[in-house]
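Undergrad: Contents of protein.csv (CSV, C-alpha atoms) are below:
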chain,number,residue,atom,x,y,z
A,14,MET,CA,-2.2,381.7,52.8
A,15,PRO,CA,1.0,379.5,52.9
A,16,LEU,CA,3.8,381.3,54.6
A,17,THR,CA,7.6,381.0,54.2
A,18,SER,CA,10.0,382.4,56.8
A,19,ALA,CA,13.8,382.4,56.6
A,20,SER,CA,14.0,383.4,60.2
A,21,LEU,CA,16.2,381.2,62.4
A,22,ALA,CA,15.1,382.8,65.6
A,23,THR,CA,14.4,380.4,68.5
A,24,GLY,CA,11.1,378.6,68.0
A,25,PRO,CA,8.7,377.1,70.5
A,26,ALA,CA,10.6,375.1,73.1
A,27,PHE,CA,9.0,371.8,72.4
A,28,VAL,CA,12.4,369.9,72.2
A,29,ALA,CA,15.6,370.5,74.0
A,30,ALA,CA,19.1,369.4,73.0
A,31,PRO,CA,21.2,367.5,75.6
A,32,ALA,CA,23.2,370.0,77.7
A,33,THR,CA,26.3,367.8,77.6
A,34,ALA,CA,26.6,367.7,73.8
A,35,ALA,CA,29.8,369.4,72.6
A,36,PRO,CA,29.8,371.5,69.4
A,37,VAL,CA,31.0,369.7,66.3
A,38,PRO,CA,31.6,370.7,62.7
A,39,ARG,CA,28.7,370.6,60.4
A,40,GLN,CA,30.1,368.0,58.1
A,41,ALA,CA,29.3,364.4,58.4
A,42,ALA,CA,30.1,362.6,61.6
A,43,PRO,CA,31.5,359.0,61.5
A,44,SER,CA,28.9,356.3,61.8
A,45,GLY,CA,31.2,354.3,64.2
A,46,ALA,CA,30.9,351.0,62.3
A,47,SER,CA,33.8,349.0,60.9
A,48,PRO,CA,33.6,348.0,57.2
A,49,GLU,CA,32.5,344.5,58.1
A,50,GLU,CA,29.6,345.9,60.2
A,51,THR,CA,28.5,348.5,57.7
A,52,VAL,CA,24.9,348.2,56.7
A,53,GLY,CA,24.7,347.4,53.0
A,54,GLY,CA,28.2,346.1,52.6
A,55,PRO,CA,31.8,346.9,53.5
A,56,GLN,CA,32.4,349.2,50.5
A,57,LEU,CA,29.8,351.6,51.8
A,58,ALA,CA,32.1,352.4,54.7
A,59,GLY,CA,34.1,354.6,52.4
A,60,ARG,CA,34.0,358.4,53.2
A,61,GLY,CA,34.8,359.5,49.7
A,62,ILE,CA,33.5,358.4,46.2
A,63,VAL,CA,32.5,354.7,46.2
A,64,LEU,CA,32.4,353.2,42.7
A,65,ASN,CA,33.3,350.1,40.8
A,66,LYS,CA,34.3,351.5,37.4
A,67,ALA,CA,33.2,349.7,34.3
A,68,PRO,CA,33.9,350.2,30.5
A,69,GLY,CA,31.3,352.1,28.6
A,70,VAL,CA,29.8,353.7,31.7
A,71,PRO,CA,30.1,357.5,31.8
A,72,ALA,CA,32.0,359.2,34.6
A,73,LEU,CA,30.2,360.2,37.7
A,74,PRO,CA,28.8,363.7,37.6
A,75,LYS,CA,30.8,366.3,39.6
A,76,ILE,CA,28.5,367.1,42.5
A,77,LYS,CA,29.4,369.7,45.2
A,78,ALA,CA,27.8,368.0,48.1
A,79,GLY,CA,28.8,366.3,51.3
A,80,SER,CA,27.2,363.0,50.4
A,81,TYR,CA,25.0,361.3,47.8
A,82,LEU,CA,23.8,357.9,46.8
A,83,ILE,CA,22.5,356.3,43.5
A,84,ALA,CA,20.7,353.0,43.7
A,85,ASP,CA,18.4,350.7,41.7
A,86,ALA,CA,15.2,350.8,43.8
A,87,ASP,CA,13.9,347.6,42.2
A,88,THR,CA,16.8,345.4,43.1
A,89,GLY,CA,18.3,347.4,45.9
A,90,ASP,CA,21.8,347.5,44.2
A,91,VAL,CA,23.7,350.6,45.2
A,92,LEU,CA,25.4,351.7,42.0
A,93,ALA,CA,27.6,354.5,43.4
A,94,ALA,CA,27.9,356.9,46.4
A,95,LYS,CA,29.9,359.5,48.2
A,96,ASP,CA,30.2,359.1,52.0
A,97,PRO,CA,27.0,357.1,52.0
A,98,HIS,CA,26.8,356.5,55.8
A,99,GLY,CA,28.1,360.0,56.8
A,100,ARG,CA,25.7,361.6,59.2
A,101,TYR,CA,24.3,365.0,58.3
A,102,LEU,CA,21.5,367.3,59.3
A,103,PRO,CA,18.5,366.3,57.3
A,104,ALA,CA,16.5,369.5,57.0
A,105,SER,CA,13.0,368.7,55.7
A,106,THR,CA,13.9,365.4,54.2
A,107,ILE,CA,13.2,364.0,57.7
A,108,LYS,CA,9.5,364.4,56.8
A,109,THR,CA,9.9,361.3,54.6
A,110,LEU,CA,10.4,359.4,57.9
A,111,THR,CA,7.5,361.3,59.6
A,112,ALA,CA,5.2,360.3,56.8
A,113,LEU,CA,6.5,356.7,56.7
A,114,THR,CA,5.8,356.4,60.5
A,115,LEU,CA,2.4,358.2,60.7
A,116,ILE,CA,0.6,357.5,57.5
A,117,PRO,CA,-0.2,353.9,58.6
A,118,LYS,CA,-1.2,355.1,62.0
A,119,LEU,CA,-3.5,358.0,61.4
A,120,ASP,CA,-7.0,357.9,59.8
A,121,PRO,CA,-6.8,360.2,56.7
A,122,ASN,CA,-10.4,361.4,57.4
A,123,ARG,CA,-9.8,362.3,61.0
A,124,LEU,CA,-10.2,365.9,62.0
A,125,VAL,CA,-7.4,367.5,64.0
A,126,ARG,CA,-7.3,370.9,65.6
A,127,PRO,CA,-3.7,372.3,65.8
A,128,SER,CA,-2.3,373.9,68.9
A,129,GLN,CA,-1.2,377.5,68.9
A,130,GLU,CA,2.4,376.2,69.3
A,131,ALA,CA,2.1,374.2,66.1
A,132,CYS,CA,0.7,377.2,64.2
A,133,ASN,CA,3.6,379.4,65.5
A,134,VAL,CA,6.4,377.0,64.4
A,135,GLU,CA,9.3,378.6,62.4
A,136,GLY,CA,10.0,378.2,58.7
A,137,THR,CA,7.7,377.2,55.9
A,138,LYS,CA,4.0,377.0,56.9
A,139,VAL,CA,0.7,376.2,55.2
A,140,GLY,CA,-1.1,378.7,57.4
A,141,LEU,CA,-2.9,376.7,60.1
A,142,THR,CA,-5.2,378.3,62.7
A,143,PRO,CA,-6.3,376.8,66.0
A,144,LYS,CA,-9.8,378.0,65.3
A,145,MET,CA,-10.3,375.3,62.7
A,146,SER,CA,-9.9,371.5,62.5
A,147,TYR,CA,-8.2,369.9,59.5
A,148,LYS,CA,-8.3,366.5,57.9
A,149,VAL,CA,-5.2,364.3,58.4
A,150,SER,CA,-5.0,363.8,54.6
A,151,ASP,CA,-4.9,367.6,54.0
A,152,LEU,CA,-2.1,367.9,56.6
A,153,PHE,CA,0.0,365.2,54.9
A,154,HIS,CA,-0.5,367.0,51.5
A,155,ALA,CA,0.8,370.2,53.1
A,156,MET,CA,3.7,368.4,54.8
A,157,LEU,CA,4.9,366.5,51.7
A,158,MET,CA,4.0,368.8,48.9
A,159,MET,CA,5.1,372.2,50.3
A,160,SER,CA,7.1,371.1,53.4
A,161,ALA,CA,4.8,372.8,55.9
A,162,ASN,CA,6.4,372.7,59.3
A,163,ASP,CA,3.1,373.6,61.1
A,164,ALA,CA,1.4,370.6,59.4
A,165,SER,CA,4.2,368.3,60.6
A,166,VAL,CA,3.9,369.3,64.2
A,167,THR,CA,0.1,369.1,64.1
A,168,LEU,CA,0.4,365.5,62.7
A,169,ALA,CA,2.7,364.7,65.6
A,170,GLU,CA,0.2,366.1,68.1
A,171,ALA,CA,-2.5,364.0,66.5
A,172,HIS,CA,-0.4,360.9,67.1
A,173,GLY,CA,-0.1,361.6,70.8
A,174,GLY,CA,2.5,364.3,71.0
A,175,LEU,CA,6.0,365.1,70.0
A,176,LYS,CA,7.7,362.7,72.4
A,177,LYS,CA,5.7,359.7,71.3
A,178,THR,CA,6.0,360.6,67.6
A,179,LEU,CA,9.8,361.0,67.7
A,180,ALA,CA,10.1,357.7,69.6
A,181,ASP,CA,8.0,356.0,67.0
A,182,MET,CA,10.0,357.6,64.1
A,183,ASN,CA,13.3,356.4,65.6
A,184,ALA,CA,11.8,352.9,66.1
A,185,GLU,CA,10.6,352.9,62.5
A,186,ALA,CA,14.1,353.9,61.3
A,187,ARG,CA,15.6,351.0,63.2
A,188,ARG,CA,13.0,348.6,61.8
A,189,ILE,CA,14.0,349.4,58.3
A,190,ASN,CA,17.8,349.4,59.2
A,191,ALA,CA,18.2,353.2,58.8
A,192,LEU,CA,20.7,353.1,61.6
A,193,ASP,CA,22.3,356.4,60.8
A,194,THR,CA,19.1,358.2,61.5
A,195,LEU,CA,18.1,360.0,64.6
A,196,ALA,CA,15.0,362.2,64.5
A,197,GLY,CA,15.0,365.2,66.9
A,198,SER,CA,12.0,366.9,65.3
A,199,PRO,CA,9.1,365.9,63.0
A,200,ASN,CA,9.9,368.6,60.5
A,201,GLY,CA,13.7,368.9,60.2
A,202,LEU,CA,14.2,372.3,61.8
A,203,ASP,CA,17.6,372.3,63.6
A,204,LYS,CA,19.1,375.5,64.9
A,205,ASP,CA,15.6,376.9,65.6
A,206,LEU,CA,15.1,374.0,68.1
A,207,GLY,CA,18.6,373.9,69.5
A,208,LEU,CA,19.4,370.8,67.5
A,209,SER,CA,22.8,369.9,66.0
A,210,VAL,CA,24.2,367.0,64.0
A,211,ARG,CA,24.6,365.2,67.3
A,212,THR,CA,20.9,365.3,68.2
A,213,GLN,CA,19.3,365.0,64.7
A,214,HIS,CA,20.9,363.3,61.7
A,215,THR,CA,20.5,360.9,58.8
A,216,SER,CA,22.6,359.7,55.9
A,217,ALA,CA,22.3,359.5,52.1
A,218,TYR,CA,22.0,355.7,52.5
A,219,ASP,CA,19.2,356.0,55.0
A,220,LEU,CA,17.2,358.6,53.0
A,221,ALA,CA,17.2,356.1,50.1
A,222,LEU,CA,16.0,353.4,52.4
A,223,ILE,CA,13.2,355.5,53.9
A,224,LEU,CA,11.9,356.8,50.5
A,225,ARG,CA,12.1,353.3,49.0
A,226,GLU,CA,10.1,351.8,51.9
A,227,GLY,CA,7.5,354.7,51.9
A,228,MET,CA,6.8,354.5,48.2
A,229,LYS,CA,5.5,350.9,48.7
A,230,ASN,CA,2.5,352.5,50.4
A,231,PRO,CA,-0.2,353.8,47.9
A,232,ALA,CA,-1.2,356.7,50.2
A,233,TYR,CA,2.4,357.7,50.6
A,234,ARG,CA,2.9,357.7,46.8
A,235,GLN,CA,-0.3,359.8,46.4
A,236,TYR,CA,0.9,362.5,48.6
A,237,MET,CA,4.4,362.5,47.1
A,238,GLN,CA,3.1,362.7,43.5
A,239,ALA,CA,0.5,365.5,44.1
A,240,ILE,CA,1.2,368.7,42.3
A,241,ASP,CA,-1.8,370.8,43.2
A,242,HIS,CA,-4.2,370.6,46.1
A,243,LYS,CA,-6.9,372.8,47.6
A,244,PHE,CA,-6.1,373.3,51.3
A,245,PRO,CA,-9.0,374.2,53.6
A,246,ALA,CA,-9.2,377.5,55.5
A,247,PRO,CA,-11.9,379.5,57.3
A,248,PRO,CA,-14.3,381.0,54.8
A,249,THR,CA,-14.0,384.6,53.8
A,250,LYS,CA,-16.7,387.1,54.5
A,251,LYS,CA,-17.9,386.7,50.9
A,252,GLU,CA,-18.0,382.9,51.2
A,253,ARG,CA,-19.9,383.1,54.5
A,254,LYS,CA,-22.6,385.2,52.8
A,255,LYS,CA,-22.9,382.5,50.2
A,256,GLY,CA,-23.4,379.9,53.0
A,257,LYS,CA,-20.0,378.3,52.8
A,258,LYS,CA,-18.6,377.0,56.1
A,259,VAL,CA,-15.2,376.2,54.7
A,260,GLY,CA,-13.0,378.2,52.3
A,261,GLY,CA,-9.6,377.3,51.0
A,262,TYR,CA,-6.7,378.1,48.8
A,263,PRO,CA,-4.4,376.2,46.4
A,264,ILE,CA,-1.1,374.8,47.5
A,265,HIS,CA,1.6,373.6,45.0
A,266,THR,CA,4.4,371.1,45.2
A,267,HIS,CA,8.0,372.2,46.0
A,268,ASN,CA,9.5,369.4,44.0
A,269,ARG,CA,10.6,371.2,40.9
A,270,MET,CA,11.2,367.9,39.1
A,271,MET,CA,7.5,366.9,38.9
A,272,PRO,CA,5.7,367.1,35.5
A,273,GLY,CA,5.0,370.6,34.4
A,274,GLU,CA,7.6,372.1,36.7
A,275,ARG,CA,10.7,374.2,35.9
A,276,HIS,CA,13.1,371.2,36.1
A,277,ALA,CA,10.6,368.4,35.2
A,278,TYR,CA,12.2,365.0,34.9
A,279,ALA,CA,10.6,362.4,32.7
A,280,GLY,CA,9.5,359.5,34.9
A,281,MET,CA,9.7,361.4,38.2
A,282,LEU,CA,7.7,359.4,40.8
A,283,GLY,CA,8.2,361.8,43.7
A,284,GLY,CA,10.7,363.2,46.1
A,285,LYS,CA,11.3,365.5,49.0
A,286,ASN,CA,13.6,368.6,49.2
A,287,GLY,CA,14.9,370.3,52.3
A,288,TYR,CA,16.9,373.3,53.3
A,289,THR,CA,18.2,375.0,56.4
A,290,ILE,CA,21.3,377.3,56.7
A,291,ALA,CA,23.0,374.6,58.8
A,292,ALA,CA,22.0,371.6,56.7
A,293,GLN,CA,22.2,373.3,53.3
A,294,GLN,CA,20.4,371.6,50.4
A,295,THR,CA,19.1,368.1,50.9
A,296,PHE,CA,17.0,365.9,48.5
A,297,VAL,CA,15.7,362.4,47.9
A,298,ALA,CA,13.8,361.2,44.9
A,299,GLN,CA,12.7,358.3,42.8
A,300,ALA,CA,12.2,358.1,39.0
A,301,ARG,CA,11.1,355.3,36.7
A,302,ARG,CA,12.1,354.8,33.0
A,303,GLY,CA,12.1,351.8,30.8
A,304,GLY,CA,10.7,349.6,33.5
A,305,HIS,CA,13.4,350.4,36.0
A,306,THR,CA,13.4,352.6,39.1
A,307,ILE,CA,16.3,354.7,40.3
A,308,VAL,CA,16.5,356.3,43.8
A,309,ILE,CA,18.9,359.1,44.5
A,310,SER,CA,19.7,361.1,47.7
A,311,LEU,CA,21.7,364.2,48.2
A,312,MET,CA,23.0,365.9,51.4
A,313,LYS,CA,24.7,369.2,52.2
A,314,ALA,CA,24.7,370.4,48.6
A,315,ASP,CA,25.7,373.9,47.6
A,316,ARG,CA,22.8,374.7,45.4
A,317,PRO,CA,19.1,373.8,44.9
A,318,PRO,CA,19.0,370.1,44.1
A,319,SER,CA,17.1,369.7,40.8
A,320,GLU,CA,20.2,370.0,38.5
A,321,TYR,CA,22.3,367.7,40.6
A,322,ALA,CA,19.5,365.2,41.0
A,323,THR,CA,19.0,365.2,37.2
A,324,GLU,CA,22.7,364.3,36.7
A,325,LEU,CA,22.6,361.6,39.4
A,326,LEU,CA,19.4,360.0,38.0
A,327,ASP,CA,20.7,360.1,34.4
A,328,TRP,CA,23.9,358.4,35.5
A,329,GLY,CA,21.9,355.8,37.4
A,330,PHE,CA,19.8,354.9,34.4
A,331,ALA,CA,22.9,354.8,32.2
A,332,ALA,CA,25.0,352.6,34.6
A,333,ARG,CA,22.3,350.3,35.9
A,334,GLY,CA,23.1,346.7,34.8
A,335,LYS,CA,26.6,347.7,33.7
A,336,VAL,CA,28.5,348.5,36.9
A,337,GLU,CA,29.1,346.1,39.7
A,338,PRO,CA,27.2,347.3,42.7
A,339,VAL,CA,29.1,348.7,45.6
A,340,GLY,CA,26.5,347.6,48.1
A,341,ALA,CA,22.8,347.1,48.7
A,342,LEU,CA,19.8,348.8,50.2
A,343,VAL,CA,18.9,346.2,52.8
A,344,ALA,CA,15.4,345.0,53.5
A,345,PRO,CA,13.5,345.8,56.7
A,346,GLY,CA,13.9,343.4,59.6
A,347,THR,CA,16.6,342.5,62.1
A,348,PRO,CA,19.4,345.1,61.9
A,349,GLU,CA,22.7,343.8,60.4
A,350,GLN,CA,24.8,345.2,63.1
A,351,ASP,CA,22.9,344.4,66.3
A,352,LYS,CA,25.4,344.3,69.2
A,353,GLY,CA,22.7,344.1,71.8
A,354,LYS,CA,23.0,347.8,72.5
A,355,LYS,CA,19.6,349.4,72.6
A,356,ASP,CA,19.5,352.8,70.9
A,357,ALA,CA,18.6,355.5,73.4
A,358,ALA,CA,16.3,357.1,70.9
A,359,ALA,CA,13.6,354.6,71.7
A,360,ASP,CA,13.2,356.2,75.2
A,361,GLY,CA,12.0,359.7,74.3
A,362,VAL,CA,12.3,362.9,72.4
A,363,LEU,CA,16.1,363.2,72.4
A,364,PRO,CA,18.5,360.5,73.5
A,365,ASP,CA,21.8,361.1,75.0
A,366,ALA,CA,24.1,362.4,72.3
A,367,PRO,CA,24.9,359.4,70.0
A,368,LEU,CA,27.8,361.2,68.3
A,369,ALA,CA,29.4,362.6,71.5
A,370,SER,CA,32.4,360.3,71.4
A,371,ASP,CA,34.6,363.4,71.4
A,372,ASP,CA,32.9,365.0,74.3
A,373,THR,CA,35.9,365.6,76.6
A,374,SER,CA,33.8,366.2,79.7
A,375,ARG,CA,32.3,362.8,79.3
A,376,THR,CA,35.6,361.2,78.6
A,377,TRP,CA,37.2,362.6,81.7
A,378,LEU,CA,34.2,361.5,83.7
A,379,LEU,CA,34.6,358.0,82.5
A,380,ILE,CA,38.4,358.0,83.2
A,381,GLY,CA,37.9,359.6,86.7
A,382,GLY,CA,35.1,357.2,87.5
A,383,GLY,CA,37.3,354.2,86.5
A,384,ALA,CA,40.2,355.4,88.6
A,385,VAL,CA,38.1,355.9,91.7
A,386,GLY,CA,36.6,352.5,91.2
A,387,ALA,CA,40.1,350.9,90.9
A,388,LEU,CA,41.4,352.7,94.1
A,389,LEU,CA,38.3,351.5,96.0
A,390,ALA,CA,38.9,347.9,94.8
A,391,ILE,CA,42.6,348.0,95.9
A,392,ALA,CA,41.7,349.4,99.3
A,393,SER,CA,39.0,346.8,99.9
A,394,LEU,CA,41.5,344.0,98.9
A,395,PHE,CA,44.1,345.5,101.3
A,396,ILE,CA,41.7,345.5,104.2
A,397,VAL,CA,40.6,341.9,103.5
A,398,LEU,CA,44.2,340.6,103.4
A,399,ARG,CA,45.1,342.5,106.6
A,400,ARG,CA,42.2,341.0,108.5
A,401,ARG,CA,43.1,337.5,107.2
A,402,ARG,CA,46.7,337.9,108.5
A,403,ARG,CA,45.5,338.9,111.9
A,404,LEU,CA,43.2,335.9,112.1
A,405,GLU,CA,46.0,333.5,111.0
A,406,SER,CA,48.4,335.0,113.7
A,407,ARG,CA,45.8,334.4,116.4
Would you mind writing the file out in structure tokens?
TA:
Amino acid sequence: MPLTSASLATGPAFVAAPATAAPVPRQAAPSGASPEETVGGPQLAGRGIVLNKAPGVPALPKIKAGSYLIADADTGDVLAAKDPHGRYLPASTIKTLTALTLIPKLDPNRLVRPSQEACNVEGTKVGLTPKMSYKVSDLFHAMLMMSANDASVTLAEAHGGLKKTLADMNAEARRINALDTLAGSPNGLDKDLGLSVRTQHTSAYDLALILREGMKNPAYRQYMQAIDHKFPAPPTKKERKKGKKVGGYPIHTHNRMMPGERHAYAGMLGGKNGYTIAAQQTFVAQARRGGHTIVISLMKADRPPSEYATELLDWGFAARGKVEPVGALVAPGTPEQDKGKKDAAADGVLPDAPLASDDTSRTWLLIGGGAVGALLAIASLFIVLRRRRRLESR
């Protein structure tokens, strides 16, 4: 049966955080870009509320969250936001990027046998066993419907392993200009894997980009919109007596805003929630009403996301076409702020800490190295001049 664990004990050591990363607060880390370089427009560089007020538009809802974004998914117009490019721990919303990366690459009918390490992963599980092979499509249902961490790792194994999967996830993030995103795991676990906001992060802006891009794929939409699904399992003794080789049990969506759910939202197209103690509540979703689609994202919220998401979506539909956009969700392609610096995330599981600008050990190493280099250069120049004087005197 599906299992949920609140344990934050150390999980399987299949990723490791860089030893040099200094501890940082759990709030957003600066993106490092100047307003002129900010993806989506200079207004989105703001760390607080970003809004162009307009008459007749209701006030923004009061949301207790580190960051959020409201955008018109059809036009790409960002209608309002709070700290849109602030980098936060993603929790399970990173699975939207896992799906975006792997759905086009894996045959949905392929059978995959999970490793024991995948089955033992911490947190929410669908209940995989290494004694059985599972269809890729069933694993995607488990990952996106009920946030199964064991299914996420098994899909990564099917793609060639965690290192390759994470490299491809980070490459996909760069392709769609989700430049605030660094995946350190395929499932969003953080403290369990020794990950911090330095080694795994995303932003409200990037979550909206990722979901908007993913929802263009029919298979992606199908997994996101599923409410119930029968997940395969080894047959029970009773089922074996009847000649059944495969049993199963029902799994149900964790998106409480889908039709028939406790917080059902009219027009809900799909979304992904996430939670860890460190990340708090995270969420990204799309809804369509009156021929228009609104996408919202929410990070580091203080409560389960459905009520906040409802307020953000309602405001988005009310404000669309009335407020001047504060920026735009950019299209995939060449990044807007390409300075020729290759992101280290392309090279493996975890790059050198991208947010470690306040790492004092590294700073002193750079200063010390520069000083030694300068002294060597002066000494070399002194020797050359001294030899030249000797030759001239001779």
Undergrad: How far is it from atom CA of Ala232 of chain A to atom CA of Ala169 of chain A, in Å with one decimal?
TA: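 The value is 17.8 Å.
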Undergrad: List the residues sitting within 10 Å of (23.7, 360.8, 37.0) in the file's frame, using only C-alpha atoms, as a list in words.
TA: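 The requested residues, written out, are Pro71, Ala72, Leu73, Pro74, Lys75, Ile76, Ile83, Ala93, Ile309, Glu320, Tyr321, Ala322, Thr323, Glu324, Leu325, Leu326, Asp327, Trp328, Gly329, Phe330, Ala331 and Ala332 of chain A.
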Undergrad: What gap, in Å, lies between atom CA of Leu110 of chain A and atom CA of His98 of chain A?
TA: 16.8 Å
Undergrad: Quick one, how far is atom CA of Gln238 of chain A from atom CA of Ile264 of chain A?
TA: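 Atom CA of Ile264 of chain A lies at a distance of 13.4 Å from atom CA of Gln238 of chain A.
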Undergrad: Restricting the calculation to all atoms listed in the file: of A:Asn200, A:Ser105, A:Thr111, A:Asn133, which residue gets closest to Ala180 of chain A?
TA: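 Looking only at the distances to Ala180 of chain A, the closest residue turns out to be A:Thr111.
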Undergrad: Taking a cut-off of 12 Å and counting all atoms listed in the file, can you build a table that, for each residue of segment 66-181 of chain A near segment 337-341 of chain A, reports the nearest atom pair and how far apart they are in Å (one decimal), sorted by chain then residue number, as a Markdown table?
TA:
| residue | atom | partner | partner_atom | distance |
| --- | --- | --- | --- | --- |
| A:Lys66 | CA | A:Glu337 | CA | 7.8 |
| A:Ala67 | CA | A:Glu337 | CA | 7.7 |
| A:Pro68 | CA | A:Glu337 | CA | 11.2 |
| A:Val70 | CA | A:Glu337 | CA | 11.1 |
| A:Leu82 | CA | A:Val339 | CA | 10.7 |
| A:Ile83 | CA | A:Pro338 | CA | 10.2 |
| A:Ala84 | CA | A:Ala341 | CA | 8.0 |
| A:Asp85 | CA | A:Ala341 | CA | 9.0 |
| A:Ala86 | CA | A:Ala341 | CA | 9.8 |
| A:Asp87 | CA | A:Ala341 | CA | 11.0 |
| A:Thr88 | CA | A:Ala341 | CA | 8.4 |
| A:Gly89 | CA | A:Ala341 | CA | 5.3 |
| A:Asp90 | CA | A:Ala341 | CA | 4.6 |
| A:Val91 | CA | A:Gly340 | CA | 5.0 |
| A:Leu92 | CA | A:Pro338 | CA | 4.8 |
| A:Ala93 | CA | A:Val339 | CA | 6.4 |
| A:Ala94 | CA | A:Val339 | CA | 8.3 |
| A:Lys95 | CA | A:Val339 | CA | 11.1 |
| A:Pro97 | CA | A:Gly340 | CA | 10.3 |
| A:His98 | CA | A:Gly340 | CA | 11.8 |
Undergrad: Compile a residue-level contact table for segment 222-245 of chain A against segment 181-186 of chain A at a cut-off of 12 Å, reporting for every qualifying residue the shortest atom pair and its distance in Å to one decimal, with all atoms listed in the file counted, rows ordered by chain and ascending number, as a tab-separated table.
TA:
residue	atom	partner	partner_atom	distance
A:Leu222	CA	A:Ala186	CA	9.1
A:Ile223	CA	A:Ala186	CA	7.6
A:Leu224	CA	A:Ala186	CA	11.4
A:Glu226	CA	A:Ala186	CA	10.4
A:Gly227	CA	A:Glu185	CA	11.2
Undergrad: Tell me which residues come within 7 Å of (-11.0, 370.3, 64.4), as a PyMOL selection string, counting all atoms listed in the file in the file's coordinates.
TA: chain A and resi 124-126+145-147
Undergrad: Give me the residues within 12 Å of Asn190 of chain A as a list in words, counting only C-alpha atoms and dropping any in the same chain fewer than 6 places off.
TA: Thr51, Val52, Gly53, His98, Asn183, Ala184, Thr215, Ser216, Tyr218, Asp219, Leu220, Ala221, Leu222, Ile223, Glu226, Ala341, Leu342, Val343, Ala344, Pro345, Gly346, Thr347, Pro348, Glu349, Gln350 and Asp351 of chain A
Undergrad: Quick one: everything within 12 Å of Gly201 of chain A, counting all atoms listed in the file, minus sequence neighbours fewer than 2 positions away in the same chain. Send it as a PDB file with C-alpha atoms, in the frame of the given file.
TA:
ATOM      1  CA  TYR A 101      24.300 365.000  58.300  1.00  0.00           C
ATOM      2  CA  LEU A 102      21.500 367.300  59.300  1.00  0.00           C
ATOM      3  CA  PRO A 103      18.500 366.300  57.300  1.00  0.00           C
ATOM      4  CA  ALA A 104      16.500 369.500  57.000  1.00  0.00           C
ATOM      5  CA  SER A 105      13.000 368.700  55.700  1.00  0.00           C
ATOM      6  CA  THR A 106      13.900 365.400  54.200  1.00  0.00           C
ATOM      7  CA  ILE A 107      13.200 364.000  57.700  1.00  0.00           C
ATOM      8  CA  LYS A 108       9.500 364.400  56.800  1.00  0.00           C
ATOM      9  CA  THR A 109       9.900 361.300  54.600  1.00  0.00           C
ATOM     10  CA  LEU A 110      10.400 359.400  57.900  1.00  0.00           C
ATOM     11  CA  THR A 111       7.500 361.300  59.600  1.00  0.00           C
ATOM     12  CA  VAL A 134       6.400 377.000  64.400  1.00  0.00           C
ATOM     13  CA  GLU A 135       9.300 378.600  62.400  1.00  0.00           C
ATOM     14  CA  GLY A 136      10.000 378.200  58.700  1.00  0.00           C
ATOM     15  CA  THR A 137       7.700 377.200  55.900  1.00  0.00           C
ATOM     16  CA  MET A 156       3.700 368.400  54.800  1.00  0.00           C
ATOM     17  CA  SER A 160       7.100 371.100  53.400  1.00  0.00           C
ATOM     18  CA  ALA A 161       4.800 372.800  55.900  1.00  0.00           C
ATOM     19  CA  ASN A 162       6.400 372.700  59.300  1.00  0.00           C
ATOM     20  CA  ASP A 163       3.100 373.600  61.100  1.00  0.00           C
ATOM     21  CA  SER A 165       4.200 368.300  60.600  1.00  0.00           C
ATOM     22  CA  VAL A 166       3.900 369.300  64.200  1.00  0.00           C
ATOM     23  CA  LEU A 179       9.800 361.000  67.700  1.00  0.00           C
ATOM     24  CA  LEU A 195      18.100 360.000  64.600  1.00  0.00           C
ATOM     25  CA  ALA A 196      15.000 362.200  64.500  1.00  0.00           C
ATOM     26  CA  GLY A 197      15.000 365.200  66.900  1.00  0.00           C
ATOM     27  CA  SER A 198      12.000 366.900  65.300  1.00  0.00           C
ATOM     28  CA  PRO A 199       9.100 365.900  63.000  1.00  0.00           C
ATOM     29  CA  ASP A 203      17.600 372.300  63.600  1.00  0.00           C
ATOM     30  CA  LYS A 204      19.100 375.500  64.900  1.00  0.00           C
ATOM     31  CA  ASP A 205      15.600 376.900  65.600  1.00  0.00           C
ATOM     32  CA  LEU A 206      15.100 374.000  68.100  1.00  0.00           C
ATOM     33  CA  GLY A 207      18.600 373.900  69.500  1.00  0.00           C
ATOM     34  CA  LEU A 208      19.400 370.800  67.500  1.00  0.00           C
ATOM     35  CA  SER A 209      22.800 369.900  66.000  1.00  0.00           C
ATOM     36  CA  VAL A 210      24.200 367.000  64.000  1.00  0.00           C
ATOM     37  CA  THR A 212      20.900 365.300  68.200  1.00  0.00           C
ATOM     38  CA  GLN A 213      19.300 365.000  64.700  1.00  0.00           C
ATOM     39  CA  HIS A 214      20.900 363.300  61.700  1.00  0.00           C
ATOM     40  CA  THR A 215      20.500 360.900  58.800  1.00  0.00           C
ATOM     41  CA  LYS A 285      11.300 365.500  49.000  1.00  0.00           C
ATOM     42  CA  ASN A 286      13.600 368.600  49.200  1.00  0.00           C
ATOM     43  CA  GLY A 287      14.900 370.300  52.300  1.00  0.00           C
ATOM     44  CA  TYR A 288      16.900 373.300  53.300  1.00  0.00           C
ATOM     45  CA  THR A 289      18.200 375.000  56.400  1.00  0.00           C
ATOM     46  CA  ILE A 290      21.300 377.300  56.700  1.00  0.00           C
ATOM     47  CA  ALA A 291      23.000 374.600  58.800  1.00  0.00           C
ATOM     48  CA  ALA A 292      22.000 371.600  56.700  1.00  0.00           C
ATOM     49  CA  GLN A 293      22.200 373.300  53.300  1.00  0.00           C
ATOM     50  CA  THR A 295      19.100 368.100  50.900  1.00  0.00           C
TER      51      THR A 295
END
Undergrad: Just the residues within 12 Å of segment 243-253 of chain A, please, counting all atoms listed in the file, with nothing from its chain fewer than 5 positions along; format it as a VMD selection string.
TA: chain A and resid 14 to 15 124 139 to 156 158 to 159 161 164 258 to 266
